[in-house]
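In what follows, a structure is listed as structure tokens, so that the remarks can point back to it.
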Amino acid sequence: MSRSRKYGQNGKTFHVPYSKGTDSTDRKNWDYWRNIIEGVPEGEQSWKTLDLESGQMTEVASVAQPPIENLIFTEKLDGQGNCFNQHGLFARSHGAPSELPWDETLRQKWSLIKNDLAGLDLEIFGENMYACHSIEYLKLKHDYYVFAARIKDKWLSWEQVKEYSYLFDFPTVPEIHTYPSSKFKNQEELQKHVESLMGQQSVLGSIDFHSKEFDQMEGVVFRNTEEFHVNNFVHNVFKIVRPSHVKTDEHWIKSWKPAFKKWQLDAFLGTETYSNEDARQAIIELSKQRR
């Protein structure tokens, strides 16, 4: 039986209605604005999920929650979602620990922190950036960037996420800013703001993996800054992803390449300070050697 629970109703973060980067496996939260300004009524939504103790599918329902006061906007990085908990390192399937080759460095990390995770009953969720996907990054310093953390039936506040990330020596995904939800008078204002963020480059510097031309960030995730019940994930975390954000196909798995870290670019360029264009040219040259 599964020893790890994923995070959305279908194991994914729900998209906002105007997110253009969805596929047949994605879901949208059409009521996200109402969830922000009105909160969540008791039992508003129910679905079946796997109970970890019994191994059986059980019915769960949303719990009552007040309106969201503050939203933290973060960048959605182009990586693979991984979860650390006391039972192992989990990737796309949460039915069994990952044995994927690009998860090797994270498995080594798990062996060092598994007892601490067990003592805290803590699960850490983040993006594994070890392998390149559709975007290459110019300022990548780590293999793993945390975006959420959970203890039992509570998703932790963003401040707690940062505290535990620091404790376990992980960075968090890039923060863009935090705003009170009252800043946005209506859904249209929030949509305009989020879409304006989408047109920017990654905070870490972003280029297309194939063309090596500058590219926009993959997406934006915005969430309640406070903690909330596990059943209410889809009512508190929202994402928007660029159209056709997956520009690679399944073949990347057969010929995957490790991402260049900033220290490698530092060594190649002979300095720790340089422009994004210099970093882009360095990756172009290093990619020739990598082949």
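The chains in the structure tokens are called A, B, ... from first to last as shown; in each chain the residues are counted from 1, and the ligands are counted from 1 in the order shown.
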_When you look at Ile283 in chain A with a cut-off of 10 Å (counting only C-alpha atoms), what residues show up, excluding the ones that are within fewer than 5 positions of it in the same chain? I need them as a list in words._
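Those residues are Glu136, Tyr137, Leu138, Ile207, Phe209, Lys212, Ala259, Phe260, Lys261, Gln264, Leu265, Phe268, Glu277, Asp278, Lys288, Gln289 and Arg290 of chain A.
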*Please report, as a ChimeraX atom specification, each residue of range 52-291 of chain A to which DSSP assigns helix (DSSP H, G or I) when run on this structure's backbone.*
/A:101-120,158-167,181-183,187-198,230-235,251-254,262-269,276-290
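Closest to Val220 in chain A among A:Arg27, A:Lys141, A:His177, A:Arg280 is A:His177, based on only C-alpha atoms.
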*Identify, on the basis of only C-alpha atoms, every residue whose closest approach to Pro41 in chain A does not exceed 9 Å; exclude the query and any residue fewer than 2 positions from it along the same chain; express the result as JSON, numbers by chain.*
{"A": [38, 39, 43, 44, 45, 62, 63, 64, 65, 66]}
Can you spit out the residues from that selection as a PDB file, in the first residue's frame, using C-alpha atoms?
```
ATOM      1  CA  GLU A  38     -15.280  33.663   1.185  1.00  0.00           C
ATOM      2  CA  GLY A  39     -13.415  30.672   2.554  1.00  0.00           C
ATOM      3  CA  GLY A  43     -18.250  19.506   3.296  1.00  0.00           C
ATOM      4  CA  GLU A  44     -18.245  21.684   0.178  1.00  0.00           C
ATOM      5  CA  GLN A  45     -16.403  19.041  -1.792  1.00  0.00           C
ATOM      6  CA  SER A  62     -13.447  19.670   2.841  1.00  0.00           C
ATOM      7  CA  VAL A  63     -13.541  21.240   6.314  1.00  0.00           C
ATOM      8  CA  ALA A  64     -14.765  24.732   7.214  1.00  0.00           C
ATOM      9  CA  GLN A  65     -12.180  27.457   6.667  1.00  0.00           C
ATOM     10  CA  PRO A  66     -12.279  31.275   6.822  1.00  0.00           C
TER      11      PRO A  66
END
```
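The space between CA of His235 in chain A and CA of Arg223 in chain A spans 9.0 Å.
The shortest atom-to-atom distance to Asp215 in chain A, with only C-alpha atoms taken into account, belongs to A:Asp78 out of A:Asp23, A:Glu272, A:Asp78, A:Glu127.
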*If we count only C-alpha atoms, what is near Val230 in chain A at a cut-off of 8 Å, once residues fewer than 3 positions away on the same chain are taken out, given as number ranges by chain?*
A: 7, 153-155, 233
Only N, CA and C atoms, please: the residues just picked out, written as a CSV table (one decimal), in the first residue's frame.
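Result file out03.csv:
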```csv
chain,number,residue,atom,x,y,z
A,7,TYR,N,-0.8,15.5,-3.0
A,7,TYR,CA,-1.3,16.8,-2.4
A,7,TYR,C,-2.7,17.3,-2.9
A,153,ASP,N,-2.3,15.8,9.3
A,153,ASP,CA,-3.4,16.4,8.5
A,153,ASP,C,-3.4,17.9,8.4
A,154,LYS,N,-2.2,18.5,8.5
A,154,LYS,CA,-2.0,19.9,8.3
A,154,LYS,C,-0.9,20.2,7.3
A,155,TRP,N,-1.3,21.0,6.3
A,155,TRP,CA,-0.3,21.6,5.4
A,155,TRP,C,0.2,22.8,6.2
A,233,PHE,N,-6.6,21.3,0.4
A,233,PHE,CA,-5.5,21.7,-0.4
A,233,PHE,C,-5.9,22.4,-1.7
```
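Minimum distance to Asn232 in chain A across A:Cys83, A:Val60, A:Ile113, A:Val16 (counting only C-alpha atoms) occurs at A:Val60.
Counting from CA of Ala148 in chain A, the distance to CA of Val161 in chain A is 6.0 Å.
Nearest-residue note for Trp158 in chain A: choosing from A:Glu175, A:Asn276, A:Gly219, A:Trp33, the minimum distance belongs to A:Glu175, counting only C-alpha atoms.
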*Select, from A:Arg107, A:Arg150, A:Lys139, A:His15, the residue with the minimum atom-to-atom distance to Thr273 in chain A, counting only C-alpha atoms.*
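Closest residue, counting only C-alpha atoms: A:Lys139.
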*DSSP on the backbone, then: every residue of range 38-125 of chain A marked strand (DSSP E), written as a PyMOL selection string.*
chain A and resi 46-50+57-61+70-76+80-85+88-90+122-125
